[in-house]
>>> print(open('my_file_11.cif').read())   # mmCIF, C-alpha atoms
data_upload
loop_
_atom_site.label_atom_id
_atom_site.label_comp_id
_atom_site.auth_asym_id
_atom_site.auth_seq_id
_atom_site.Cartn_x
_atom_site.Cartn_y
_atom_site.Cartn_z
CA MET A 1 -127.01 132.84 2.64
CA LYS A 2 -130.57 133.69 1.69
CA ALA A 3 -134.03 132.88 2.93
CA VAL A 4 -137.13 132.62 0.78
CA ILE A 5 -140.58 132.77 2.33
CA LEU A 6 -143.45 131.66 0.11
CA ILE A 7 -146.46 133.76 1.04
CA GLY A 8 -149.03 132.80 -1.61
CA GLY A 9 -151.77 135.23 -2.39
CA PRO A 10 -155.43 136.06 -2.35
CA SER A 11 -157.63 133.29 -3.61
CA LYS A 12 -160.91 131.66 -2.81
CA GLY A 13 -159.60 130.92 0.71
CA THR A 14 -162.71 130.78 2.82
CA ARG A 15 -161.32 129.15 5.96
CA PHE A 16 -160.27 132.46 7.50
CA ARG A 17 -163.24 134.55 6.51
CA PRO A 18 -164.22 137.12 7.64
CA LEU A 19 -160.67 137.82 8.95
CA SER A 20 -159.10 137.43 5.52
CA LEU A 21 -161.40 139.96 3.88
CA ASP A 22 -159.41 142.88 5.31
CA LEU A 23 -156.00 141.38 6.07
CA PRO A 24 -153.73 139.04 4.10
CA LYS A 25 -153.21 135.76 5.92
CA PRO A 26 -149.41 136.25 6.30
CA LEU A 27 -150.18 139.36 8.37
CA PHE A 28 -152.64 137.66 10.73
CA PRO A 29 -151.58 138.17 14.35
CA ILE A 30 -150.19 135.08 16.05
CA ALA A 31 -148.75 135.54 19.55
CA GLU A 32 -149.11 139.31 19.16
CA ARG A 33 -147.03 139.44 15.95
CA GLU A 34 -147.80 139.01 12.29
CA MET A 35 -147.49 135.37 11.25
CA LEU A 36 -144.79 136.41 8.76
CA HIS A 37 -142.84 138.18 11.52
CA HIS A 38 -142.10 134.84 13.20
CA HIS A 39 -140.55 133.51 9.98
CA VAL A 40 -138.39 136.62 9.51
CA GLU A 41 -137.31 136.54 13.16
CA ALA A 42 -136.11 132.95 12.73
CA CYS A 43 -134.27 133.74 9.49
CA VAL A 44 -132.31 136.70 10.87
CA LYS A 45 -130.62 134.35 13.34
CA LEU A 46 -128.85 132.64 10.44
CA PRO A 47 -125.18 133.62 10.12
CA GLN A 48 -124.28 135.83 7.15
CA LEU A 49 -127.87 136.17 5.97
CA GLU A 50 -127.76 138.42 2.91
CA GLU A 51 -131.46 138.92 2.30
CA ILE A 52 -134.95 137.56 2.71
CA LEU A 53 -137.13 137.19 -0.36
CA LEU A 54 -140.90 137.06 -0.04
CA ILE A 55 -142.53 135.43 -3.05
CA GLY A 56 -146.26 135.67 -3.64
CA PHE A 57 -149.01 137.21 -5.70
CA TYR A 58 -150.57 139.65 -3.27
CA GLU A 59 -150.39 143.32 -4.18
CA GLU A 60 -147.05 144.61 -2.94
CA SER A 61 -148.66 147.59 -1.21
CA LEU A 62 -150.24 145.24 1.34
CA PHE A 63 -146.76 144.35 2.64
CA SER A 64 -144.83 147.59 2.16
CA ASN A 65 -145.27 148.80 5.77
CA PHE A 66 -144.40 145.38 7.17
CA ILE A 67 -141.31 145.11 4.97
CA GLU A 68 -140.10 148.61 5.82
CA GLN A 69 -140.58 148.26 9.57
CA THR A 70 -139.26 144.71 9.80
CA SER A 71 -136.21 145.44 7.64
CA LYS A 72 -135.28 148.28 9.97
CA LYS A 73 -136.00 146.31 13.13
CA PHE A 74 -133.77 143.40 12.13
CA ASN A 75 -131.35 145.32 9.92
CA VAL A 76 -131.89 142.93 7.01
CA ILE A 77 -132.83 143.36 3.37
CA ILE A 78 -136.35 142.09 2.69
CA ARG A 79 -137.65 142.16 -0.86
CA TYR A 80 -141.05 141.21 -2.23
CA LEU A 81 -141.15 139.43 -5.57
CA LYS A 82 -144.64 139.45 -7.04
CA GLU A 83 -145.70 136.62 -9.30
CA SER A 84 -147.63 137.78 -12.36
CA LYS A 85 -150.11 134.95 -11.77
CA PRO A 86 -150.48 132.12 -9.27
CA SER A 87 -148.12 129.33 -10.28
CA GLY A 88 -148.56 126.73 -7.56
CA THR A 89 -146.89 126.16 -4.22
CA ALA A 90 -143.31 126.51 -5.42
CA GLY A 91 -143.92 128.01 -8.86
CA GLY A 92 -142.53 131.33 -7.68
CA LEU A 93 -139.19 129.67 -6.95
CA ASN A 94 -138.93 128.76 -10.60
CA SER A 95 -140.20 132.15 -11.78
CA PHE A 96 -137.63 133.99 -9.66
CA LYS A 97 -134.81 131.43 -9.91
CA SER A 98 -132.28 134.05 -11.02
CA GLU A 99 -133.19 136.35 -8.10
CA VAL A 100 -132.93 133.52 -5.59
CA LEU A 101 -129.56 132.37 -6.94
CA SER A 102 -128.08 135.82 -7.54
CA GLY A 103 -124.91 136.40 -5.56
CA SER A 104 -124.29 132.62 -5.42
CA PRO A 105 -125.53 132.10 -1.85
CA ASN A 106 -123.83 129.25 0.01
CA ALA A 107 -127.21 128.11 1.38
CA ILE A 108 -130.87 128.90 0.80
CA PHE A 109 -133.67 128.27 3.28
CA VAL A 110 -137.18 128.02 1.85
CA LEU A 111 -140.08 128.46 4.25
CA HIS A 112 -143.82 128.47 3.70
CA VAL A 113 -145.75 131.15 5.56
CA ASP A 114 -148.57 128.71 6.36
CA ILE A 115 -146.25 126.60 8.49
CA CYS A 116 -145.37 127.91 11.93
CA SER A 117 -142.96 126.09 14.21
CA ALA A 118 -140.01 126.63 16.51
CA PHE A 119 -137.98 127.13 13.29
CA PRO A 120 -134.77 125.29 14.29
CA LEU A 121 -132.94 126.75 11.29
CA LEU A 122 -129.55 126.97 12.99
CA GLU A 123 -129.80 123.33 14.03
CA MET A 124 -130.78 122.33 10.49
CA LEU A 125 -127.84 124.25 9.05
CA ASP A 126 -125.47 122.69 11.57
CA PHE A 127 -126.80 119.20 10.81
CA HIS A 128 -126.15 119.62 7.10
CA LYS A 129 -122.68 121.04 7.69
CA ARG A 130 -121.76 118.15 10.02
CA HIS A 131 -122.86 115.63 7.43
CA GLY A 132 -121.06 117.35 4.59
CA LYS A 133 -124.19 117.91 2.58
CA MET A 134 -126.58 120.68 1.88
CA ALA A 135 -130.18 119.89 0.94
#
>>> encode(input="my_file_11.cif", output="structure tokens")
Amino acid sequence: MKAVILIGGPSKGTRFRPLSLDLPKPLFPIAEREMLHHHVEACVKLPQLEEILLIGFYEESLFSNFIEQTSKKFNVIIRYLKESKPSGTAGGLNSFKSEVLSGSPNAIFVLHVDICSAFPLLEMLDFHKRHGKMA
């Protein structure tokens, strides 16, 4: 099982200025944790999670500390896949299709960093298993 978190990248985004001038939006603090941390925390509860892929077009160095610390904290592989150019909301999924599908995962969760919720991923997985379908 894998999880993919679409994190986007720097753009004209003016809604969060001046906060976004010094800090990428996925690292904004929400409830005393980086916004992205909440997504990772939900994903690591999934059984047999092999890895978490972050797809975006920020400079990788902006996330290296977060990835290193969070990988250790949750004992999970987290990799950043940098798009060469912005390719739309899910363009990175297509660009990195082989990376996402490598290892033939039995399920893939795709989350968008801009959406925060209770992340009922286990319940979603259970629902799909009970109904004999994966979506």
>>> resolve_selection(input="my_file_11.cif", expression="the PyMOL selection byres ((chain A and resi 124) around 12)", output="compact mmCIF listing (two decimals) with C-alpha atoms, in the coordinates of the input")
# COMPACT_ATOMS: atom_id res chain seq x y z
CA CYS A 43 -134.27 133.74 9.49
CA LEU A 46 -128.85 132.64 10.44
CA ALA A 107 -127.21 128.11 1.38
CA ILE A 108 -130.87 128.90 0.80
CA PHE A 109 -133.67 128.27 3.28
CA ALA A 118 -140.01 126.63 16.51
CA PHE A 119 -137.98 127.13 13.29
CA PRO A 120 -134.77 125.29 14.29
CA LEU A 121 -132.94 126.75 11.29
CA LEU A 122 -129.55 126.97 12.99
CA GLU A 123 -129.80 123.33 14.03
CA LEU A 125 -127.84 124.25 9.05
CA ASP A 126 -125.47 122.69 11.57
CA PHE A 127 -126.80 119.20 10.81
CA HIS A 128 -126.15 119.62 7.10
CA LYS A 129 -122.68 121.04 7.69
CA ARG A 130 -121.76 118.15 10.02
CA HIS A 131 -122.86 115.63 7.43
CA LYS A 133 -124.19 117.91 2.58
CA MET A 134 -126.58 120.68 1.88
CA ALA A 135 -130.18 119.89 0.94
>>> atom_distance(input="my_file_11.cif", atom1="atom CA of A:Asn106", atom2="atom CA of A:Val76")
17.4 Å
>>> closest_residue(input="my_file_11.cif", among="A:Lys25, A:Lys97, A:Arg17, A:His112", to="A:Val40", atoms="only C-alpha atoms")
A:His112
>>> resolve_selection(input="my_file_11.cif", expression="the PyMOL selection byres ((chain A and resi 30-37) around 12)", output="PDB file with C-alpha atoms, in the frame of the given file")
ATOM      1  CA  VAL A   4    -137.130 132.620   0.780  1.00  0.00           C
ATOM      2  CA  ILE A   5    -140.580 132.770   2.330  1.00  0.00           C
ATOM      3  CA  LEU A   6    -143.450 131.660   0.110  1.00  0.00           C
ATOM      4  CA  ILE A   7    -146.460 133.760   1.040  1.00  0.00           C
ATOM      5  CA  GLY A   8    -149.030 132.800  -1.610  1.00  0.00           C
ATOM      6  CA  LEU A  23    -156.000 141.380   6.070  1.00  0.00           C
ATOM      7  CA  PRO A  24    -153.730 139.040   4.100  1.00  0.00           C
ATOM      8  CA  LYS A  25    -153.210 135.760   5.920  1.00  0.00           C
ATOM      9  CA  PRO A  26    -149.410 136.250   6.300  1.00  0.00           C
ATOM     10  CA  LEU A  27    -150.180 139.360   8.370  1.00  0.00           C
ATOM     11  CA  PHE A  28    -152.640 137.660  10.730  1.00  0.00           C
ATOM     12  CA  PRO A  29    -151.580 138.170  14.350  1.00  0.00           C
ATOM     13  CA  HIS A  38    -142.100 134.840  13.200  1.00  0.00           C
ATOM     14  CA  HIS A  39    -140.550 133.510   9.980  1.00  0.00           C
ATOM     15  CA  VAL A  40    -138.390 136.620   9.510  1.00  0.00           C
ATOM     16  CA  GLU A  41    -137.310 136.540  13.160  1.00  0.00           C
ATOM     17  CA  ALA A  42    -136.110 132.950  12.730  1.00  0.00           C
ATOM     18  CA  CYS A  43    -134.270 133.740   9.490  1.00  0.00           C
ATOM     19  CA  VAL A  44    -132.310 136.700  10.870  1.00  0.00           C
ATOM     20  CA  ILE A  52    -134.950 137.560   2.710  1.00  0.00           C
ATOM     21  CA  LEU A  53    -137.130 137.190  -0.360  1.00  0.00           C
ATOM     22  CA  LEU A  54    -140.900 137.060  -0.040  1.00  0.00           C
ATOM     23  CA  PHE A  63    -146.760 144.350   2.640  1.00  0.00           C
ATOM     24  CA  PHE A  66    -144.400 145.380   7.170  1.00  0.00           C
ATOM     25  CA  ILE A  67    -141.310 145.110   4.970  1.00  0.00           C
ATOM     26  CA  GLN A  69    -140.580 148.260   9.570  1.00  0.00           C
ATOM     27  CA  THR A  70    -139.260 144.710   9.800  1.00  0.00           C
ATOM     28  CA  SER A  71    -136.210 145.440   7.640  1.00  0.00           C
ATOM     29  CA  LYS A  73    -136.000 146.310  13.130  1.00  0.00           C
ATOM     30  CA  PHE A  74    -133.770 143.400  12.130  1.00  0.00           C
ATOM     31  CA  ILE A  78    -136.350 142.090   2.690  1.00  0.00           C
ATOM     32  CA  LEU A 111    -140.080 128.460   4.250  1.00  0.00           C
ATOM     33  CA  HIS A 112    -143.820 128.470   3.700  1.00  0.00           C
ATOM     34  CA  VAL A 113    -145.750 131.150   5.560  1.00  0.00           C
ATOM     35  CA  ASP A 114    -148.570 128.710   6.360  1.00  0.00           C
ATOM     36  CA  ILE A 115    -146.250 126.600   8.490  1.00  0.00           C
ATOM     37  CA  CYS A 116    -145.370 127.910  11.930  1.00  0.00           C
ATOM     38  CA  SER A 117    -142.960 126.090  14.210  1.00  0.00           C
TER      39      SER A 117
END
>>> atom_distance(input="my_file_11.cif", atom1="atom CA of A:Gly92", atom2="atom CA of A:Ile55")
6.2 Å
>>> decode(input="my_file_11.cif", residues="stretch 88-102 of chain A", atoms="all heavy atoms", output="compact mmCIF listing (two decimals), in the first residue's frame")
# COMPACT_ATOMS: atom_id res chain seq x y z
N GLY A 88 -0.42 20.97 -13.29
CA GLY A 88 -1.82 20.88 -12.89
C GLY A 88 -2.01 20.06 -11.62
O GLY A 88 -1.08 19.42 -11.13
N THR A 89 -3.22 20.04 -11.14
CA THR A 89 -3.54 19.42 -9.85
C THR A 89 -3.03 17.99 -9.74
O THR A 89 -2.43 17.62 -8.76
CB THR A 89 -5.05 19.47 -9.59
OG1 THR A 89 -5.44 20.84 -9.56
CG2 THR A 89 -5.40 18.84 -8.26
N ALA A 90 -3.29 17.17 -10.74
CA ALA A 90 -2.87 15.78 -10.65
C ALA A 90 -1.84 15.43 -11.73
O ALA A 90 -1.57 14.26 -11.98
CB ALA A 90 -4.06 14.86 -10.74
N GLY A 91 -1.26 16.43 -12.36
CA GLY A 91 -0.27 16.18 -13.40
C GLY A 91 0.92 15.38 -12.90
O GLY A 91 1.48 14.56 -13.63
N GLY A 92 1.30 15.60 -11.66
CA GLY A 92 2.42 14.86 -11.08
C GLY A 92 2.15 13.37 -10.99
O GLY A 92 3.06 12.56 -11.08
N LEU A 93 0.89 13.00 -10.80
CA LEU A 93 0.54 11.58 -10.77
C LEU A 93 0.89 10.92 -12.10
O LEU A 93 1.42 9.82 -12.14
CB LEU A 93 -0.95 11.38 -10.48
CG LEU A 93 -1.40 11.62 -9.06
CD1 LEU A 93 -2.91 11.54 -8.96
CD2 LEU A 93 -0.75 10.63 -8.11
N ASN A 94 0.61 11.62 -13.18
CA ASN A 94 0.93 11.10 -14.49
C ASN A 94 2.44 11.11 -14.72
O ASN A 94 3.01 10.13 -15.21
CB ASN A 94 0.22 11.90 -15.58
CG ASN A 94 0.38 11.27 -16.94
OD1 ASN A 94 0.18 10.07 -17.11
ND2 ASN A 94 0.75 12.07 -17.92
N SER A 95 3.09 12.18 -14.32
CA SER A 95 4.55 12.29 -14.51
C SER A 95 5.30 11.20 -13.76
O SER A 95 6.32 10.71 -14.21
CB SER A 95 5.05 13.65 -14.02
OG SER A 95 4.46 14.68 -14.76
N PHE A 96 4.81 10.83 -12.59
CA PHE A 96 5.49 9.85 -11.75
C PHE A 96 4.71 8.54 -11.64
O PHE A 96 4.81 7.82 -10.65
CB PHE A 96 5.75 10.44 -10.36
CG PHE A 96 6.71 11.59 -10.39
CD1 PHE A 96 6.26 12.89 -10.22
CD2 PHE A 96 8.06 11.39 -10.63
CE1 PHE A 96 7.14 13.97 -10.26
CE2 PHE A 96 8.95 12.45 -10.68
CZ PHE A 96 8.49 13.74 -10.49
N LYS A 97 3.95 8.23 -12.67
CA LYS A 97 3.12 7.02 -12.69
C LYS A 97 3.92 5.77 -12.36
O LYS A 97 3.50 4.94 -11.55
CB LYS A 97 2.47 6.89 -14.07
CG LYS A 97 1.58 5.71 -14.24
CD LYS A 97 0.97 5.73 -15.65
CE LYS A 97 0.10 4.53 -15.89
NZ LYS A 97 -0.48 4.57 -17.25
N SER A 98 5.11 5.64 -12.94
CA SER A 98 5.91 4.43 -12.70
C SER A 98 6.37 4.35 -11.24
O SER A 98 6.42 3.27 -10.66
CB SER A 98 7.11 4.36 -13.64
OG SER A 98 7.96 5.46 -13.45
N GLU A 99 6.70 5.49 -10.63
CA GLU A 99 7.09 5.52 -9.22
C GLU A 99 5.92 5.14 -8.31
O GLU A 99 6.08 4.40 -7.35
CB GLU A 99 7.61 6.91 -8.83
CG GLU A 99 8.91 7.29 -9.48
CD GLU A 99 10.09 6.62 -8.84
OE1 GLU A 99 10.00 6.22 -7.67
OE2 GLU A 99 11.11 6.48 -9.53
N VAL A 100 4.76 5.68 -8.63
CA VAL A 100 3.57 5.41 -7.82
C VAL A 100 3.20 3.93 -7.90
O VAL A 100 2.86 3.30 -6.89
CB VAL A 100 2.38 6.30 -8.27
CG1 VAL A 100 1.10 5.89 -7.56
CG2 VAL A 100 2.69 7.78 -8.01
N LEU A 101 3.29 3.36 -9.09
CA LEU A 101 2.88 1.97 -9.29
C LEU A 101 3.98 0.94 -9.03
O LEU A 101 3.70 -0.26 -9.00
CB LEU A 101 2.35 1.79 -10.71
CG LEU A 101 1.09 2.60 -11.05
CD1 LEU A 101 0.71 2.41 -12.52
CD2 LEU A 101 -0.06 2.23 -10.14
N SER A 102 5.21 1.40 -8.81
CA SER A 102 6.30 0.45 -8.59
C SER A 102 6.03 -0.40 -7.35
O SER A 102 5.50 0.08 -6.35
CB SER A 102 7.65 1.16 -8.45
OG SER A 102 7.74 1.85 -7.22
